[in-house]
$ cat structure14.csv   # CSV, C-alpha atoms and all ligand atoms
chain,number,residue,atom,x,y,z
A,128,MET,CA,190.6,127.8,-44.1
A,129,ILE,CA,187.7,126.0,-45.8
A,130,VAL,CA,188.3,122.4,-46.8
A,131,VAL,CA,186.0,120.4,-49.0
A,132,SER,CA,186.4,116.7,-49.9
A,133,GLY,CA,184.1,114.1,-51.4
A,134,ILE,CA,184.2,110.3,-51.3
A,135,GLN,CA,182.4,107.7,-53.5
A,136,PRO,CA,179.6,106.2,-51.6
A,137,THR,CA,180.8,102.5,-51.8
A,138,GLY,CA,179.3,99.8,-49.8
A,139,ASN,CA,180.8,96.5,-48.5
A,140,LEU,CA,183.6,98.5,-46.7
A,141,HIS,CA,186.8,96.8,-45.8
A,142,LEU,CA,190.1,97.4,-44.0
A,143,GLY,CA,191.6,98.9,-47.1
A,144,ASN,CA,188.9,101.6,-47.3
A,145,TYR,CA,189.4,102.3,-43.6
A,146,LEU,CA,193.2,102.6,-43.6
A,147,GLY,CA,193.4,104.1,-47.1
A,148,ALA,CA,190.6,106.6,-47.1
A,149,ILE,CA,188.2,106.9,-44.2
A,150,ARG,CA,190.8,107.2,-41.4
A,151,ASN,CA,192.5,110.1,-43.3
A,152,TRP,CA,189.3,112.1,-43.3
A,153,VAL,CA,189.1,111.7,-39.5
A,154,LYS,CA,192.8,112.9,-39.3
A,155,MET,CA,191.9,115.9,-41.5
A,156,GLN,CA,188.9,116.8,-39.4
A,157,ASP,CA,191.1,116.7,-36.3
A,158,GLU,CA,193.8,118.9,-37.9
A,159,ILE,CA,191.6,121.4,-39.6
A,160,ASP,CA,188.6,122.0,-37.5
A,161,ALA,CA,190.6,124.0,-34.9
A,162,ASP,CA,191.1,126.9,-37.3
A,163,GLY,CA,188.7,126.4,-40.1
A,164,ARG,CA,185.8,124.4,-41.4
A,165,CYS,CA,185.6,121.0,-43.1
A,166,LEU,CA,182.9,119.9,-45.4
A,167,PHE,CA,182.8,116.2,-46.3
A,168,PHE,CA,180.3,114.9,-48.8
A,169,LEU,CA,179.3,111.5,-50.3
A,170,ALA,CA,179.5,111.9,-54.0
A,171,ASP,CA,176.3,110.3,-54.9
A,172,LEU,CA,175.7,112.6,-57.9
A,173,HIS,CA,179.0,111.6,-59.4
A,174,ALA,CA,178.0,107.9,-59.1
A,175,ILE,CA,175.4,108.2,-61.8
A,176,SER,CA,178.0,109.2,-64.4
A,177,GLN,CA,178.7,105.5,-64.9
A,178,PRO,CA,176.4,102.4,-65.0
A,179,HIS,CA,175.1,101.9,-61.5
A,180,ASP,CA,172.5,100.0,-59.5
A,181,PRO,CA,170.1,102.5,-57.8
A,182,ALA,CA,169.4,100.2,-54.8
A,183,GLU,CA,173.2,99.6,-54.3
A,184,LEU,CA,173.8,103.4,-54.6
A,185,ARG,CA,171.3,104.0,-51.8
A,186,THR,CA,172.7,101.4,-49.4
A,187,GLY,CA,176.3,102.3,-50.3
A,188,THR,CA,175.6,106.0,-49.5
A,189,LEU,CA,174.1,105.1,-46.1
A,190,GLU,CA,176.9,102.6,-45.3
A,191,MET,CA,179.6,105.1,-46.1
A,192,ALA,CA,177.9,107.7,-43.9
A,193,ALA,CA,177.7,105.1,-41.1
A,194,ALA,CA,181.3,104.1,-41.5
A,195,LEU,CA,182.5,107.7,-41.5
A,196,VAL,CA,180.7,108.4,-38.2
A,197,ALA,CA,181.7,105.1,-36.7
A,198,CYS,CA,185.4,105.8,-37.6
A,199,GLY,CA,185.3,109.1,-35.8
A,200,LEU,CA,184.0,111.8,-38.1
A,201,ASP,CA,182.0,114.1,-35.8
A,202,PRO,CA,178.9,115.7,-37.5
A,203,SER,CA,179.1,118.4,-34.9
A,204,ARG,CA,182.6,119.4,-35.9
A,205,CYS,CA,182.3,119.0,-39.7
A,206,VAL,CA,179.6,119.3,-42.2
A,207,LEU,CA,178.7,115.8,-43.4
A,208,PHE,CA,176.2,115.3,-46.2
A,209,ASN,CA,175.4,113.7,-49.5
A,210,GLN,CA,175.4,115.8,-52.7
A,211,ALA,CA,172.0,114.8,-53.9
A,212,GLN,CA,170.4,116.5,-50.9
A,213,VAL,CA,172.0,119.8,-51.7
A,214,PRO,CA,170.6,120.8,-55.1
A,215,ALA,CA,173.0,123.8,-55.3
A,216,HIS,CA,175.7,121.4,-56.5
A,217,ALA,CA,173.8,120.4,-59.6
A,218,GLU,CA,172.5,124.0,-60.1
A,219,LEU,CA,176.0,125.5,-59.9
A,220,GLN,CA,177.4,122.8,-62.2
A,221,TRP,CA,174.9,124.0,-64.9
A,222,LEU,CA,175.8,127.6,-64.4
A,223,LEU,CA,179.5,126.7,-64.7
A,224,MET,CA,178.9,124.7,-67.9
A,225,GLY,CA,178.5,128.0,-69.7
A,226,THR,CA,182.1,128.8,-68.7
A,227,ALA,CA,183.8,125.5,-69.0
A,228,ARG,CA,185.3,124.9,-72.5
A,229,MET,CA,184.9,121.6,-74.5
A,230,GLY,CA,188.6,121.7,-75.1
A,231,TRP,CA,189.4,121.8,-71.4
A,232,LEU,CA,187.2,118.8,-70.7
A,233,ASN,CA,188.6,116.9,-73.7
A,234,ARG,CA,192.0,117.2,-72.2
A,235,MET,CA,191.1,115.5,-68.9
A,236,THR,CA,193.2,112.3,-68.6
A,237,GLN,CA,190.6,110.6,-66.4
A,238,TRP,CA,188.0,111.1,-69.2
A,239,LYS,CA,190.4,109.7,-71.7
A,240,ASP,CA,191.2,106.7,-69.5
A,241,LYS,CA,187.6,105.9,-68.5
A,242,ALA,CA,186.1,106.4,-71.9
A,243,GLY,CA,188.9,104.5,-73.7
A,244,LYS,CA,188.1,103.9,-77.4
A,245,ASN,CA,184.3,104.2,-76.8
A,246,ARG,CA,183.8,107.9,-76.3
A,247,GLU,CA,180.6,108.0,-78.3
A,248,GLY,CA,179.0,105.4,-75.9
A,249,GLN,CA,179.8,107.3,-72.7
A,250,SER,CA,177.3,109.3,-70.7
A,251,ALA,CA,177.4,113.1,-71.0
A,252,ALA,CA,177.8,113.1,-67.2
A,253,LEU,CA,181.1,111.2,-67.4
A,254,PHE,CA,182.4,113.9,-69.8
A,255,SER,CA,181.2,116.8,-67.7
A,256,TYR,CA,181.6,115.5,-64.2
A,257,PRO,CA,184.8,117.5,-63.6
A,258,VAL,CA,182.5,120.6,-63.9
A,259,LEU,CA,180.4,119.1,-61.1
A,260,GLN,CA,183.6,118.6,-59.1
A,261,ALA,CA,184.4,122.3,-59.7
A,262,ALA,CA,180.9,123.2,-58.4
A,263,ASP,CA,181.4,121.0,-55.4
A,264,VAL,CA,184.3,123.1,-54.2
A,265,LEU,CA,183.5,126.6,-55.6
A,266,LEU,CA,180.0,126.6,-54.0
A,267,TYR,CA,181.6,127.0,-50.5
A,268,GLN,CA,184.4,129.5,-51.3
A,269,THR,CA,186.7,126.6,-50.5
A,270,THR,CA,190.3,127.6,-49.9
A,271,HIS,CA,191.9,124.1,-49.8
A,272,VAL,CA,191.1,120.8,-51.5
A,273,PRO,CA,192.9,117.6,-50.5
A,274,VAL,CA,194.0,116.0,-53.7
A,275,GLY,CA,195.9,112.9,-54.7
A,276,GLU,CA,198.0,112.8,-57.8
A,277,ASP,CA,195.0,111.6,-59.9
A,278,GLN,CA,192.8,114.6,-59.0
A,279,LYS,CA,195.3,117.4,-59.5
A,280,GLN,CA,194.2,118.1,-63.1
A,281,HIS,CA,190.5,118.4,-62.0
A,282,LEU,CA,191.4,120.9,-59.4
A,283,GLU,CA,193.4,122.9,-62.0
A,284,LEU,CA,190.2,122.8,-64.1
A,285,ALA,CA,188.1,124.2,-61.2
A,286,ARG,CA,190.6,127.0,-60.8
A,287,ASP,CA,190.4,127.8,-64.6
A,288,ILE,CA,186.6,127.8,-64.5
A,289,ALA,CA,186.6,130.1,-61.4
A,290,GLN,CA,189.0,132.5,-63.0
A,291,LYS,CA,187.3,132.7,-66.3
A,292,PHE,CA,183.9,133.1,-64.6
A,293,ASN,CA,185.3,135.9,-62.4
A,294,ASN,CA,186.9,137.6,-65.4
A,295,ASP,CA,183.8,137.4,-67.6
A,296,PHE,CA,181.0,138.1,-65.2
A,297,ALA,CA,182.3,139.7,-61.9
A,298,SER,CA,184.1,142.9,-61.1
A,299,GLU,CA,187.7,142.6,-60.0
A,300,ASP,CA,187.1,143.8,-56.4
A,301,GLU,CA,184.1,141.4,-56.0
A,302,PRO,CA,184.9,138.0,-57.5
A,303,VAL,CA,182.1,135.4,-57.2
A,304,PHE,CA,184.5,132.5,-56.6
A,305,THR,CA,187.6,131.8,-54.5
A,306,LEU,CA,190.4,130.0,-56.3
A,307,PRO,CA,191.0,126.8,-54.3
A,308,ASP,CA,194.6,125.6,-53.6
A,309,PRO,CA,195.6,122.0,-53.4
A,310,PHE,CA,196.4,120.5,-50.0
A,311,ILE,CA,198.4,117.3,-49.7
A,312,PRO,CA,196.5,114.9,-47.3
A,313,PRO,CA,198.3,112.7,-44.8
A,314,ALA,CA,199.9,109.7,-46.5
A,315,ALA,CA,197.6,106.7,-46.6
A,316,ALA,CA,198.5,103.0,-46.4
A,317,ARG,CA,197.9,100.8,-49.4
A,318,ILE,CA,196.5,97.4,-48.2
A,319,MET,CA,196.8,94.3,-50.2
A,320,SER,CA,194.7,91.1,-50.4
A,321,LEU,CA,195.2,88.6,-47.6
A,322,ARG,CA,195.2,85.8,-50.2
A,323,ASP,CA,197.5,87.4,-52.8
A,324,GLY,CA,200.1,90.1,-51.9
A,325,SER,CA,200.2,91.4,-55.5
A,326,LYS,CA,196.5,92.4,-55.5
A,327,LYS,CA,194.9,95.3,-53.7
A,328,MET,CA,192.4,94.4,-51.0
A,329,SER,CA,189.1,95.1,-52.7
A,330,LYS,CA,185.4,94.6,-52.4
A,331,SER,CA,185.3,93.2,-55.9
A,332,ASP,CA,187.6,90.3,-55.0
A,333,PRO,CA,185.4,87.1,-55.1
A,334,SER,CA,187.2,85.6,-52.1
A,335,GLU,CA,185.7,86.8,-48.7
A,336,MET,CA,188.9,85.6,-47.1
A,337,SER,CA,190.9,88.2,-49.1
A,338,ARG,CA,189.6,91.1,-47.1
A,339,ILE,CA,188.7,92.1,-43.5
A,340,ALA,CA,185.2,93.6,-43.8
A,341,LEU,CA,184.3,96.5,-41.5
A,342,ALA,CA,181.3,94.5,-40.5
A,343,ASP,CA,183.3,91.3,-39.5
A,344,ASP,CA,183.0,90.2,-35.9
A,345,ALA,CA,186.1,89.5,-33.8
A,346,ASP,CA,186.2,85.8,-34.5
A,347,THR,CA,185.9,86.3,-38.2
A,348,MET,CA,188.7,88.9,-38.2
A,349,ALA,CA,191.0,86.5,-36.3
A,350,GLN,CA,190.1,83.6,-38.6
A,351,LYS,CA,190.9,85.6,-41.7
A,352,VAL,CA,194.3,86.7,-40.2
A,353,LYS,CA,195.0,83.1,-39.3
A,354,LYS,CA,194.3,81.9,-42.8
A,355,ALA,CA,196.1,84.8,-44.5
A,356,LYS,CA,198.7,83.6,-47.1
A,357,THR,CA,202.3,83.9,-45.8
A,358,ASP,CA,205.7,82.2,-46.4
A,359,PRO,CA,207.5,79.9,-44.0
A,360,GLU,CA,210.3,82.3,-43.0
A,361,PRO,CA,210.3,84.2,-39.7
A,362,LEU,CA,210.0,88.0,-39.8
A,363,PRO,CA,213.2,89.8,-40.5
A,364,SER,CA,214.4,92.6,-38.2
A,365,GLU,CA,214.8,95.1,-41.0
A,366,VAL,CA,212.2,96.3,-43.5
A,367,GLU,CA,214.7,95.6,-46.4
A,368,GLY,CA,214.2,91.9,-45.6
A,369,LEU,CA,210.6,92.2,-46.7
A,370,SER,CA,211.3,93.5,-50.2
A,371,ASP,CA,210.5,90.2,-52.0
A,372,ARG,CA,207.9,89.0,-49.5
A,373,PRO,CA,204.7,90.9,-50.4
A,374,GLU,CA,202.4,88.9,-48.1
A,375,ALA,CA,204.6,89.3,-45.1
A,376,LEU,CA,205.1,93.0,-45.9
A,377,ASN,CA,201.3,93.5,-46.1
A,378,LEU,CA,200.7,92.0,-42.6
A,379,VAL,CA,203.5,94.2,-41.2
A,380,THR,CA,202.0,97.2,-42.9
A,381,ILE,CA,198.6,96.5,-41.5
A,382,TYR,CA,200.0,96.0,-38.0
A,383,ALA,CA,201.9,99.3,-38.2
A,384,ALA,CA,198.9,101.3,-39.6
A,385,LEU,CA,196.6,100.0,-36.9
A,386,ALA,CA,199.1,100.5,-34.1
A,387,ASN,CA,199.9,104.0,-35.4
A,388,THR,CA,203.6,103.1,-35.7
A,389,THR,CA,206.0,102.3,-38.5
A,390,PRO,CA,207.0,98.9,-40.1
A,391,GLU,CA,210.5,99.5,-38.7
A,392,ASP,CA,209.1,99.6,-35.1
A,393,VAL,CA,206.9,96.6,-35.7
A,394,LEU,CA,210.0,94.6,-36.9
A,395,ALA,CA,212.1,95.9,-34.0
A,396,GLN,CA,209.5,94.3,-31.8
A,397,HIS,CA,208.6,91.2,-33.8
A,398,GLY,CA,211.7,90.5,-35.9
A,399,GLY,CA,212.6,86.8,-35.6
A,400,ALA,CA,209.0,85.7,-34.8
A,401,GLY,CA,207.3,83.2,-37.1
A,402,PHE,CA,203.8,83.8,-38.3
A,403,GLY,CA,202.4,81.3,-35.7
A,404,GLN,CA,203.4,84.0,-33.2
A,405,PHE,CA,202.9,87.2,-35.3
A,406,LYS,CA,199.4,86.4,-36.6
A,407,PRO,CA,197.8,86.2,-33.2
A,408,ALA,CA,199.5,89.5,-32.2
A,409,LEU,CA,198.2,91.1,-35.4
A,410,ALA,CA,194.7,89.7,-34.8
A,411,GLU,CA,194.8,91.2,-31.3
A,412,VAL,CA,195.7,94.7,-32.6
A,413,LEU,CA,193.0,94.4,-35.3
A,414,VAL,CA,190.3,93.4,-32.9
A,415,GLU,CA,191.3,96.0,-30.4
A,416,THR,CA,191.3,98.9,-32.9
A,417,LEU,CA,188.6,97.9,-35.4
A,418,GLY,CA,186.3,96.1,-32.8
A,419,PRO,CA,184.8,99.3,-31.3
A,420,ILE,CA,184.5,100.9,-34.8
A,421,ARG,CA,182.9,97.7,-36.1
A,422,ASN,CA,180.3,97.8,-33.3
A,423,ARG,CA,179.4,101.4,-33.9
A,424,PHE,CA,179.2,100.8,-37.6
A,425,VAL,CA,177.0,97.7,-37.3
A,426,ASP,CA,174.6,99.6,-35.0
A,427,LEU,CA,174.5,102.7,-37.1
A,428,LYS,CA,174.3,101.2,-40.5
A,429,ASP,CA,170.9,99.7,-39.7
A,430,ASP,CA,169.7,102.8,-37.8
A,431,ARG,CA,168.1,104.5,-40.8
A,432,GLU,CA,166.4,107.1,-38.6
A,433,GLN,CA,169.7,108.3,-37.1
A,434,LEU,CA,171.6,108.2,-40.4
A,435,ASP,CA,168.8,110.2,-42.1
A,436,ALA,CA,168.9,112.7,-39.3
A,437,ILE,CA,172.7,113.1,-39.5
A,438,LEU,CA,172.6,113.6,-43.3
A,439,ALA,CA,169.6,115.9,-43.2
A,440,ARG,CA,171.3,118.1,-40.7
A,441,GLY,CA,174.5,118.2,-42.7
A,442,ALA,CA,172.6,119.0,-45.9
A,443,ALA,CA,170.7,121.8,-44.2
A,444,GLN,CA,174.1,123.3,-43.1
A,445,ALA,CA,175.6,122.9,-46.6
A,446,ARG,CA,172.6,124.5,-48.2
A,447,GLU,CA,172.9,127.5,-46.0
A,448,LEU,CA,176.6,127.8,-46.5
A,449,GLY,CA,176.2,127.5,-50.3
A,450,THR,CA,173.3,129.9,-50.8
A,451,PRO,CA,175.2,133.2,-51.0
A,452,THR,CA,177.6,131.9,-53.7
A,453,LEU,CA,174.9,130.3,-55.7
A,454,ASP,CA,172.8,133.5,-55.6
A,455,ALA,CA,175.9,135.6,-56.6
A,456,ALA,CA,176.5,133.3,-59.6
A,457,TYR,CA,172.9,133.6,-60.8
A,458,GLN,CA,173.0,137.3,-60.4
A,459,ALA,CA,176.4,137.7,-62.2
A,460,LEU,CA,175.0,135.8,-65.2
A,461,GLY,CA,171.8,137.9,-65.4
A,462,LEU,CA,169.6,135.2,-64.2
A,501,LIG,P1,187.4,98.9,-53.8
A,501,LIG,O1,188.7,98.7,-54.4
A,501,LIG,O2,187.1,97.9,-52.7
A,501,LIG,O3,186.3,98.9,-54.8
A,501,LIG,P2,187.0,101.7,-53.8
A,501,LIG,O4,187.5,101.8,-55.2
A,501,LIG,O5,185.5,101.8,-53.7
A,501,LIG,O6,187.4,100.3,-53.1
A,501,LIG,O7,187.7,102.7,-52.9
A,501,LIG,C1,187.1,103.6,-51.9
A,501,LIG,C2,188.2,104.3,-51.2
A,501,LIG,O8,189.0,103.4,-50.5
A,501,LIG,C3,189.2,105.0,-52.2
A,501,LIG,O9,189.6,106.2,-51.5
A,501,LIG,C4,190.4,104.0,-52.2
A,501,LIG,O10,191.6,104.7,-52.5
A,501,LIG,C5,190.4,103.4,-50.9
A,501,LIG,N1,190.9,102.0,-50.9
A,501,LIG,C6,190.2,101.0,-51.5
A,501,LIG,N2,190.9,99.9,-51.4
A,501,LIG,C7,192.1,100.2,-50.8
A,501,LIG,C8,193.2,99.4,-50.4
A,501,LIG,N3,193.3,98.1,-50.6
A,501,LIG,N4,194.2,100.1,-49.7
A,501,LIG,C9,194.1,101.4,-49.5
A,501,LIG,N5,193.1,102.2,-49.8
A,501,LIG,C10,192.1,101.6,-50.5
A,502,NA,NA,187.1,100.0,-57.1
$ encode --input "structure14.csv" --output "structure tokens" --more "lines below"
Ligand code: ADP
Ligand code: NA
Amino acid sequence: MIVVSGIQPTGNLHLGNYLGAIRNWVKMQDEIDADGRCLFFLADLHAISQPHDPAELRTGTLEMAAALVACGLDPSRCVLFNQAQVPAHAELQWLLMGTARMGWLNRMTQWKDKAGKNREGQSAALFSYPVLQAADVLLYQTTHVPVGEDQKQHLELARDIAQKFNNDFASEDEPVFTLPDPFIPPAAARIMSLRDGSKKMSKSDPSEMSRIALADDADTMAQKVKKAKTDPEPLPSEVEGLSDRPEALNLVTIYAALANTTPEDVLAQHGGAGFGQFKPALAEVLVETLGPIRNRFVDLKDDREQLDAILARGAAQARELGTPTLDAAYQALGL
């Protein structure tokens, strides 16, 4: 089993990123590395398909790498790298561009959504980045790709490209590419703003109080929980009682995710409590679980030397793992 997954190199990481994305990777590593190999990459090449700030991309990439390691990704158990340091991703994309059809790319719903009515004004990279995604996985003979609903179509495209390439350029008994299967990752929590239960917690929210940042110290975390918007009712003892109380539901969801339990269990324990009681309990769980991660993150994110070393090592491993497939693709094409 070979699993490959990429993440956008965002900076200003928050509790939503941790519970909704990063922690899932750590779970995947823990489940898969026993009988296979995990490759995790920071999708910095993808980031240039839309307007971006180069300085922010650089710090975002390093911050995301630091967060992944601080949260428990172990660079000795998985291959952790950023795309830009493994030129084979961009090379293989170009080789696959000869196989991908314009019509296939035109049908991608993400392209249609992101381009909207202004297709002519989009970068060619935005149109063709599903081919880079295909290269990302086909380069490593990946067998399984964790995909959410929104990425299923792109994985189908990768399979179509692999199949057509194998048909057109390889012999049946020696295909160049493995067709990857989808793999449903563990369900992730969706965390809402602490100031407005109808909005997702996000780095782009102008209010700092709306999110717990991964870099917040214990006092700041506790303060933000204390100030979180709530209603005057005590907690119910059943989850159904939270159906029209989005802020209360969000705090219970956060508690359950951090304590690795269910909202049902949280309410079994805290039902009947008012927020004057529940918020300090939540702050305690938050500081207990996120505190050690926060400390590792803050140390590592400014340790440029160590981060560079981690990413360089991962890139060297990835280059080695990808070379046979890249060579085979060149060869098959007569290059
Ligand atoms: P933001 O919304 O802060 O800009 P991104 O869009 O950069 O976050 O998301 C990075 C990753 O974190 C994605 O995998 C996304 O699904 C996850 N994520 C972001 N915000 C949340 C949230 N509030 N709850 C759960 N997951 C989230
Ligand atoms: Na976003």
$ closest_atom_pairs --input "structure14.csv" --of "chain A" --to "ligand NA 502 (chain A)" --cutoff "8 Å" --atoms "all atoms listed in the file" --output "JSON lines"
{"residue": "A:Ser329", "atom": "CA", "partner": "A:NA502", "partner_atom": "NA", "distance": 6.9}
{"residue": "A:Lys330", "atom": "CA", "partner": "A:NA502", "partner_atom": "NA", "distance": 7.4}
{"residue": "A:Ser331", "atom": "CA", "partner": "A:NA502", "partner_atom": "NA", "distance": 7.1}
$ closest_residue --input "structure14.csv" --among "A:Ser250, A:Ser298, A:Gln350, A:Gln278" --to "ligand LIG 501 (chain A)" --atoms "all atoms listed in the file"
A:Gln278
$ residues_near_ligand --input "structure14.csv" --ligand "ligand LIG 501 (chain A)" --cutoff "6 Å" --atoms "all atoms listed in the file" --output "PyMOL selection string"
chain A and resi 137+143-144+147-148+316-319+327-331
$ closest_residue --input "structure14.csv" --among "A:Ile420, A:Val393, A:Leu142, A:Leu434" --to "Thr188 in chain A" --atoms "all atoms listed in the file"
A:Leu434
$ residues_around --input "structure14.csv" --residues "Leu232 in chain A" --least-positions-apart "6" --cutoff "10 Å" --atoms "only C-alpha atoms" --output "ChimeraX atom specification"
/A:238-239,254-258,281,284
$ closest_residue --input "structure14.csv" --among "A:Val379, A:Ala400, A:Ile175, A:Leu140" --to "Arg338 in chain A" --atoms "all atoms listed in the file"
A:Leu140
$ residues_near_point --input "structure14.csv" --point "(205.8, 86.5, -50.0)" --cutoff "9 Å" --atoms "all atoms listed in the file" --output "PyMOL selection string"
chain A and resi 323-324+356-358+369-376
$ atom_distance --input "structure14.csv" --atom1 "CA of Gln396 in chain A" --atom2 "CA of Ala384 in chain A"
14.9 Å
$ atom_distance --input "structure14.csv" --atom1 "CA of Ile149 in chain A" --atom2 "CA of Cys198 in chain A"
7.3 Å
$ residues_near_point --input "structure14.csv" --point "(192.4, 125.0, -44.1)" --cutoff "7 Å" --atoms "only C-alpha atoms" --output "number ranges by chain"
A: 128-130, 159, 163, 270-271
$ closest_residue --input "structure14.csv" --among "A:Leu184, A:Lys244, A:Leu460, A:Pro312" --to "Thr226 in chain A" --atoms "all atoms listed in the file"
A:Leu460
$ closest_residue --input "structure14.csv" --among "A:Phe167, A:Trp231, A:Tyr382, A:Phe208" --to "Val412 in chain A" --atoms "all atoms listed in the file"
A:Tyr382
$ closest_residue --input "structure14.csv" --among "A:Ser337, A:Ser176, A:Ser320, A:Ser132" --to "Leu207 in chain A" --atoms "only C-alpha atoms"
A:Ser132
$ atom_distance --input "structure14.csv" --atom1 "CA of Pro359 in chain A" --atom2 "CA of Gly403 in chain A"
9.8 Å
$ residues_around --input "structure14.csv" --residues "Gly401 in chain A" --least-positions-apart "3" --cutoff "8 Å" --atoms "only C-alpha atoms" --output "number ranges by chain"
A: 359-362, 404-405
